[in-house]
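> Sharing start-v6.cif here; it has mmCIF, C-alpha atoms.
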data_entry
loop_
_atom_site.group_PDB
_atom_site.id
_atom_site.type_symbol
_atom_site.label_atom_id
_atom_site.label_comp_id
_atom_site.auth_asym_id
_atom_site.auth_seq_id
_atom_site.Cartn_x
_atom_site.Cartn_y
_atom_site.Cartn_z
ATOM 1 C CA MET A 1 99.376 -42.982 29.981
ATOM 2 C CA LYS A 2 96.888 -44.930 27.914
ATOM 3 C CA GLY A 3 93.414 -43.383 27.924
ATOM 4 C CA TYR A 4 94.635 -40.213 29.658
ATOM 5 C CA THR A 5 95.303 -37.471 27.145
ATOM 6 C CA ARG A 6 97.769 -34.627 27.542
ATOM 7 C CA GLU A 7 94.859 -32.161 27.435
ATOM 8 C CA GLN A 8 93.112 -34.008 30.270
ATOM 9 C CA PHE A 9 96.352 -33.931 32.273
ATOM 10 C CA LEU A 10 96.726 -30.165 31.726
ATOM 11 C CA SER A 11 93.076 -29.596 32.640
ATOM 12 C CA ASP A 12 93.494 -31.608 35.849
ATOM 13 C CA LEU A 13 96.709 -29.739 36.621
ATOM 14 C CA CYS A 14 94.921 -26.383 36.261
ATOM 15 C CA ASP A 15 92.050 -27.603 38.441
ATOM 16 C CA GLU A 16 94.463 -28.529 41.234
ATOM 17 C CA CYS A 17 96.380 -25.235 40.981
ATOM 18 C CA GLU A 18 93.132 -23.295 41.180
ATOM 19 C CA LYS A 19 92.129 -25.290 44.267
ATOM 20 C CA ASP A 20 95.471 -24.542 45.934
ATOM 21 C CA ILE A 21 95.126 -20.792 45.333
ATOM 22 C CA ARG A 22 91.504 -20.693 46.520
ATOM 23 C CA LYS A 23 92.406 -22.700 49.646
ATOM 24 C CA ALA A 24 95.210 -20.250 50.427
ATOM 25 C CA PHE A 25 92.800 -17.292 50.202
ATOM 26 C CA LYS A 26 90.201 -19.149 52.266
ATOM 27 C CA ALA A 27 92.830 -19.855 54.928
ATOM 28 C CA GLY A 28 93.459 -16.121 55.242
ATOM 29 C CA ALA A 29 96.222 -15.335 52.754
ATOM 30 C CA SER A 30 95.904 -11.773 51.493
ATOM 31 C CA ARG A 31 98.145 -12.504 48.492
ATOM 32 C CA VAL A 32 99.203 -15.663 46.696
ATOM 33 C CA SER A 33 102.417 -15.722 44.664
ATOM 34 C CA ILE A 34 103.166 -18.270 41.962
ATOM 35 C CA ASP A 35 106.814 -19.249 41.639
ATOM 36 C CA PHE A 36 107.883 -18.828 38.011
ATOM 37 C CA THR A 37 111.575 -19.704 38.250
ATOM 38 C CA GLU A 38 111.116 -22.085 35.330
ATOM 39 C CA GLY A 39 110.310 -19.101 33.102
ATOM 40 C CA ARG A 40 113.851 -17.790 33.074
ATOM 41 C CA LEU A 41 115.251 -21.309 32.936
ATOM 42 C CA ALA A 42 113.100 -22.058 29.878
ATOM 43 C CA CYS A 43 114.973 -19.319 27.999
ATOM 44 C CA ARG A 44 118.253 -21.237 28.294
ATOM 45 C CA ASN A 45 119.587 -23.440 25.565
ATOM 46 C CA ASP A 46 121.314 -26.130 27.588
ATOM 47 C CA PRO A 47 121.947 -29.487 25.884
ATOM 48 C CA LYS A 48 122.270 -31.121 29.330
ATOM 49 C CA ASN A 49 118.684 -30.164 30.152
ATOM 50 C CA PRO A 50 116.373 -31.614 27.507
ATOM 51 C CA TRP A 51 113.429 -29.281 28.079
ATOM 52 C CA THR A 52 115.406 -26.055 27.688
ATOM 53 C CA GLY A 53 115.866 -24.673 24.194
ATOM 54 C CA ARG A 54 112.489 -26.096 23.183
ATOM 55 C CA LYS A 55 110.669 -22.759 23.236
ATOM 56 C CA MET A 56 108.520 -23.829 26.176
ATOM 57 C CA LEU A 57 108.218 -20.348 27.684
ATOM 58 C CA ALA A 58 105.087 -19.575 25.653
ATOM 59 C CA SER A 59 103.530 -22.863 26.832
ATOM 60 C CA PHE A 60 104.283 -22.020 30.469
ATOM 61 C CA ILE A 61 102.735 -18.554 30.057
ATOM 62 C CA GLU A 62 99.614 -20.025 28.465
ATOM 63 C CA LEU A 63 99.293 -22.681 31.166
ATOM 64 C CA ASN A 64 99.627 -20.148 33.984
ATOM 65 C CA ASN A 65 97.028 -17.928 32.313
ATOM 66 C CA ARG A 66 94.652 -20.888 32.146
ATOM 67 C CA VAL A 67 94.788 -20.916 35.940
ATOM 68 C CA ILE A 68 94.954 -17.154 36.575
ATOM 69 C CA ASP A 69 92.043 -16.390 34.247
ATOM 70 C CA ARG A 70 89.740 -18.534 36.395
ATOM 71 C CA PHE A 71 89.800 -15.709 38.948
ATOM 72 C CA SER A 72 88.001 -12.369 38.844
ATOM 73 C CA ALA A 73 89.898 -9.145 38.218
ATOM 74 C CA GLU A 74 89.467 -8.267 41.909
ATOM 75 C CA GLU A 75 90.984 -11.617 42.954
ATOM 76 C CA ARG A 76 93.802 -11.346 40.415
ATOM 77 C CA LYS A 77 95.002 -8.098 41.991
ATOM 78 C CA ASN A 78 96.230 -10.362 44.788
ATOM 79 C CA ILE A 79 97.684 -13.135 42.637
ATOM 80 C CA GLY A 80 101.315 -12.588 41.730
ATOM 81 C CA ILE A 81 104.254 -14.081 39.897
ATOM 82 C CA HIS A 82 107.760 -14.474 41.348
ATOM 83 C CA THR A 83 110.833 -14.708 39.139
ATOM 84 C CA CYS A 84 114.521 -15.084 39.902
ATOM 85 C CA PRO A 85 117.557 -16.912 38.496
ATOM 86 C CA GLY A 86 116.847 -19.808 40.839
ATOM 87 C CA GLY A 87 118.692 -20.619 43.996
ATOM 88 C CA ASP A 88 119.643 -23.863 45.661
ATOM 89 C CA CYS A 89 122.539 -24.076 48.099
ATOM 90 C CA ASP A 90 123.846 -20.698 46.861
ATOM 91 C CA SER A 91 123.876 -21.709 43.183
ATOM 92 C CA THR A 92 121.686 -20.357 40.403
ATOM 93 C CA HIS A 93 120.471 -22.210 37.345
ATOM 94 C CA SER A 94 119.735 -19.279 35.022
ATOM 95 C CA ALA A 95 121.624 -16.188 36.166
ATOM 96 C CA ASP A 96 123.210 -16.092 32.718
ATOM 97 C CA VAL A 97 119.804 -15.640 31.048
ATOM 98 C CA ASP A 98 119.018 -12.041 30.153
ATOM 99 C CA TYR A 99 115.785 -10.701 31.659
ATOM 100 C CA ALA A 100 115.166 -9.242 28.185
ATOM 101 C CA ASP A 101 114.464 -12.814 27.074
ATOM 102 C CA LEU A 102 111.868 -13.352 29.807
ATOM 103 C CA LEU A 103 110.075 -10.120 30.703
ATOM 104 C CA PRO A 104 108.264 -9.421 27.399
ATOM 105 C CA SER A 105 106.562 -12.817 27.698
ATOM 106 C CA MET A 106 106.198 -12.897 31.477
ATOM 107 C CA PHE A 107 104.072 -9.751 31.554
ATOM 108 C CA LYS A 108 101.586 -11.476 29.230
ATOM 109 C CA MET A 109 100.359 -13.320 32.309
ATOM 110 C CA ASN A 110 97.229 -11.691 33.687
ATOM 111 C CA ALA A 111 98.526 -11.503 37.251
ATOM 112 C CA GLY A 112 98.161 -8.375 39.334
ATOM 113 C CA TYR A 113 101.700 -8.151 40.673
ATOM 114 C CA PHE A 114 105.189 -9.421 39.952
ATOM 115 C CA LEU A 115 108.038 -10.063 42.397
ATOM 116 C CA ILE A 116 111.270 -9.604 40.455
ATOM 117 C CA GLN A 117 114.665 -10.471 41.940
ATOM 118 C CA LEU A 118 117.361 -7.981 40.913
ATOM 119 C CA ALA A 119 120.068 -8.247 43.573
ATOM 120 C CA SER A 120 122.367 -10.206 41.257
ATOM 121 C CA GLU A 121 121.689 -8.164 38.098
ATOM 122 C CA LYS A 122 124.634 -6.126 36.820
ATOM 123 C CA ASP A 123 122.560 -3.549 34.913
ATOM 124 C CA LYS A 124 119.519 -2.875 37.082
ATOM 125 C CA GLU A 125 118.578 0.320 35.215
ATOM 126 C CA ARG A 126 118.174 -1.664 32.010
ATOM 127 C CA VAL A 127 115.851 -4.127 33.756
ATOM 128 C CA TYR A 128 113.815 -1.238 35.232
ATOM 129 C CA LYS A 129 113.296 0.048 31.695
ATOM 130 C CA LEU A 130 112.215 -3.387 30.482
ATOM 131 C CA ILE A 131 109.677 -3.578 33.305
ATOM 132 C CA GLY A 132 108.351 -0.150 32.351
ATOM 133 C CA GLU A 133 108.135 -1.136 28.714
ATOM 134 C CA TYR A 134 106.431 -4.510 29.061
ATOM 135 C CA SER A 135 104.220 -4.355 32.164
ATOM 136 C CA ARG A 136 100.619 -3.572 31.319
ATOM 137 C CA LYS A 137 98.198 -0.953 32.631
ATOM 138 C CA ASP A 138 95.394 -3.355 31.776
ATOM 139 C CA ALA A 139 96.040 -7.078 32.074
ATOM 140 C CA ASN A 140 92.511 -8.285 31.432
ATOM 141 C CA GLY A 141 91.070 -5.802 33.921
ATOM 142 C CA VAL A 142 94.013 -5.564 36.326
ATOM 143 C CA PRO A 143 96.815 -2.963 36.347
ATOM 144 C CA GLN A 144 100.128 -4.753 36.805
ATOM 145 C CA VAL A 145 102.441 -3.768 39.647
ATOM 146 C CA ALA A 146 106.096 -4.793 39.915
ATOM 147 C CA PHE A 147 107.924 -5.192 43.214
ATOM 148 C CA ILE A 148 111.672 -5.088 42.767
ATOM 149 C CA GLY A 149 113.905 -6.842 45.266
ATOM 150 C CA VAL A 150 113.829 -9.801 47.573
ATOM 151 C CA ILE A 151 112.357 -10.122 51.028
ATOM 152 C CA ASN A 152 111.543 -13.064 53.220
ATOM 153 C CA PRO A 153 107.738 -12.969 53.583
ATOM 154 C CA GLN A 154 107.869 -15.944 55.969
ATOM 155 C CA ASN A 155 109.856 -13.969 58.541
ATOM 156 C CA PRO A 156 107.524 -12.234 61.037
ATOM 157 C CA ARG A 157 110.408 -10.004 62.178
ATOM 158 C CA TRP A 158 110.959 -8.429 58.739
ATOM 159 C CA ARG A 159 109.730 -5.016 59.873
ATOM 160 C CA ARG A 160 112.516 -4.769 62.457
ATOM 161 C CA ARG A 161 115.358 -5.717 60.120
ATOM 162 C CA ARG A 162 115.593 -2.469 58.206
ATOM 163 C CA LYS A 163 119.352 -2.476 57.791
ATOM 164 C CA PHE A 164 119.468 -5.538 55.539
ATOM 165 C CA ALA A 165 117.639 -4.582 52.357
ATOM 166 C CA THR A 166 115.422 -2.203 50.541
ATOM 167 C CA ILE A 167 112.793 -3.188 48.046
ATOM 168 C CA SER A 168 111.555 -0.855 45.418
ATOM 169 C CA PHE A 169 107.915 -0.535 44.596
ATOM 170 C CA TRP A 170 107.030 0.471 41.124
ATOM 171 C CA HIS A 171 103.599 1.061 39.666
ATOM 172 C CA ARG A 172 103.308 1.797 35.993
ATOM 173 C CA ASN A 173 101.697 5.170 35.482
ATOM 174 C CA THR A 174 104.403 6.090 33.012
ATOM 175 C CA SER A 175 107.841 4.666 32.487
ATOM 176 C CA ARG A 176 109.526 7.797 33.813
ATOM 177 C CA ARG A 177 111.583 7.353 36.937
ATOM 178 C CA LYS A 178 109.897 10.168 38.875
ATOM 179 C CA ASP A 179 106.781 7.979 39.154
ATOM 180 C CA TRP A 180 108.549 5.392 41.281
ATOM 181 C CA ALA A 181 108.097 5.287 45.012
ATOM 182 C CA ARG A 182 110.710 3.457 47.025
ATOM 183 C CA PRO A 183 109.497 2.569 50.498
ATOM 184 C CA THR A 184 112.134 1.016 52.691
ATOM 185 C CA THR A 185 111.346 -2.417 54.008
ATOM 186 C CA ALA A 186 113.643 -4.950 55.503
ATOM 187 C CA ALA A 187 114.611 -8.445 54.576
ATOM 188 C CA SER A 188 116.331 -11.371 56.116
ATOM 189 C CA ARG A 189 120.092 -11.620 55.851
ATOM 190 C CA HIS A 190 119.721 -14.524 53.382
ATOM 191 C CA SER A 191 117.271 -12.707 51.144
ATOM 192 C CA ALA A 192 119.345 -9.544 51.041
ATOM 193 C CA SER A 193 122.297 -11.482 49.693
ATOM 194 C CA THR A 194 120.330 -13.516 47.146
#
In structure tokens, how does this file's structure come out?


Amino acid sequence: MKGYTREQFLSDLCDECEKDIRKAFKAGASRVSIDFTEGRLACRNDPKNPWTGRKMLASFIELNNRVIDRFSAEERKNIGIHTCPGGDCDSTHSADVDYADLLPSMFKMNAGYFLIQLASEKDKERVYKLIGEYSRKDANGVPQVAFIGVINPQNPRWRRRRKFATISFWHRNTSRRKDWARPTTAASRHSAST
């Protein structure tokens, strides 16, 4: 657009994202999660999708950090990142993309927690190790926490639906398995199958 630079657009975009997050906290949200499905998709090299294969992952990370870094360390403990292979009408857009292509970059975001979908992963142990290797004890003043699994946070009955799913909670003290705690929580039928 004439007279409207790309940098001005990105600055305005960050301003609006910051407003959305602050409004959510002001309205009573205890945590705000940023959907980062495009991160895994950006790792694909798909000639049908012109923005994949253009090494845009680093740009997405930098742009998200421009927003996240506007918050204090205390606030960022409650700002998280969600990643999954995408899902729309039971189809995924990037299930074929290896988490090894995403996680080293994703954990460069200075968020306090990460929600990582693993239900469809064939080698979960390998992904656990990647999380242990790349998550940071100090992400600009915040220790990163990874939540493994999928739940439906919009469902007020999730506490009563214990038979459908378990999520794993992992906090990086060391990358050894004995440091993991796995509290059982429940999920909706849809989320457990995702």

> Would you mind telling me which residue in A:Asn140, A:Asn45, A:Ser120, A:Thr83 lies nearest to Lys108 of chain A when using only C-alpha atoms?

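For Lys108 of chain A, the nearest of the candidates is A:Asn140.
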
> For Asn65 of chain A, find every residue with an atom within 10 Å (counting only C-alpha atoms), except residues of its own chain fewer than 2 positions away, and show them as a PDB file with C-alpha atoms, in the coordinates of the input.


ATOM      1  CA  CYS A  14      94.921 -26.383  36.261  1.00  0.00           C
ATOM      2  CA  SER A  59     103.530 -22.863  26.832  1.00  0.00           C
ATOM      3  CA  PHE A  60     104.283 -22.020  30.469  1.00  0.00           C
ATOM      4  CA  ILE A  61     102.735 -18.554  30.057  1.00  0.00           C
ATOM      5  CA  GLU A  62      99.614 -20.025  28.465  1.00  0.00           C
ATOM      6  CA  LEU A  63      99.293 -22.681  31.166  1.00  0.00           C
ATOM      7  CA  VAL A  67      94.788 -20.916  35.940  1.00  0.00           C
ATOM      8  CA  ILE A  68      94.954 -17.154  36.575  1.00  0.00           C
ATOM      9  CA  ASP A  69      92.043 -16.390  34.247  1.00  0.00           C
ATOM     10  CA  ARG A  70      89.740 -18.534  36.395  1.00  0.00           C
ATOM     11  CA  LYS A 108     101.586 -11.476  29.230  1.00  0.00           C
ATOM     12  CA  MET A 109     100.359 -13.320  32.309  1.00  0.00           C
ATOM     13  CA  ASN A 110      97.229 -11.691  33.687  1.00  0.00           C
ATOM     14  CA  ALA A 111      98.526 -11.503  37.251  1.00  0.00           C
TER      15      ALA A 111
END

> Taking only C-alpha atoms into account, which of A:Asp101, A:Glu133, A:Glu7, A:Glu75 comes nearest Ala29 of chain A?

A:Glu75

> Could you check which of A:Ser11, A:Ser30, A:Thr5, A:Ser135 is closest to Lys77 of chain A, using all atoms listed in the file?

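Among A:Ser11, A:Ser30, A:Thr5, A:Ser135, it is A:Ser30 that comes nearest to Lys77 of chain A.
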
> Of the candidates A:Arg6, A:Arg126, A:Lys55, A:His82, which shows the shortest atom-to-atom distance to Met106 of chain A, using all atoms listed in the file?

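Under the stated criterion, the closest residue is A:His82.
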
> Please determine, counting all atoms listed in the file, which residue among A:Tyr99, A:Phe25, A:Tyr134, A:Phe107 has the shortest atom-to-atom distance to Glu121 of chain A.

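Once distances to Glu121 of chain A are computed over all atoms listed in the file, the minimum belongs to A:Tyr99.
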
> Which residues match the PyMOL selection byres ((chain A and resi 146) around 6) in the file above, as number ranges by chain?

A: 113-114, 145, 147, 170

> To one decimal place, how far is atom CA of Ala100 of chain A from atom CA of Val32 of chain A in Å?

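Interatomic distance here is 25.3 Å.
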
> In terms of the shortest atom-to-atom distance over all atoms listed in the file, which of A:Ile81, A:Leu13, A:Val127, A:Val97 is closest to Ala42 of chain A?

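Ranking A:Ile81, A:Leu13, A:Val127, A:Val97 by distance to Ala42 of chain A, first place goes to A:Val97.
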
> What gap, in Å, lies between atom CA of Glu38 of chain A and atom CA of Leu10 of chain A?

16.9 Å

> Work out how far atom CA of Cys43 of chain A is from atom CA of Lys19 of chain A, in Å to one decimal.

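Value for the atom CA of Lys19 of chain A-atom CA of Cys43 of chain A distance: 28.7 Å.
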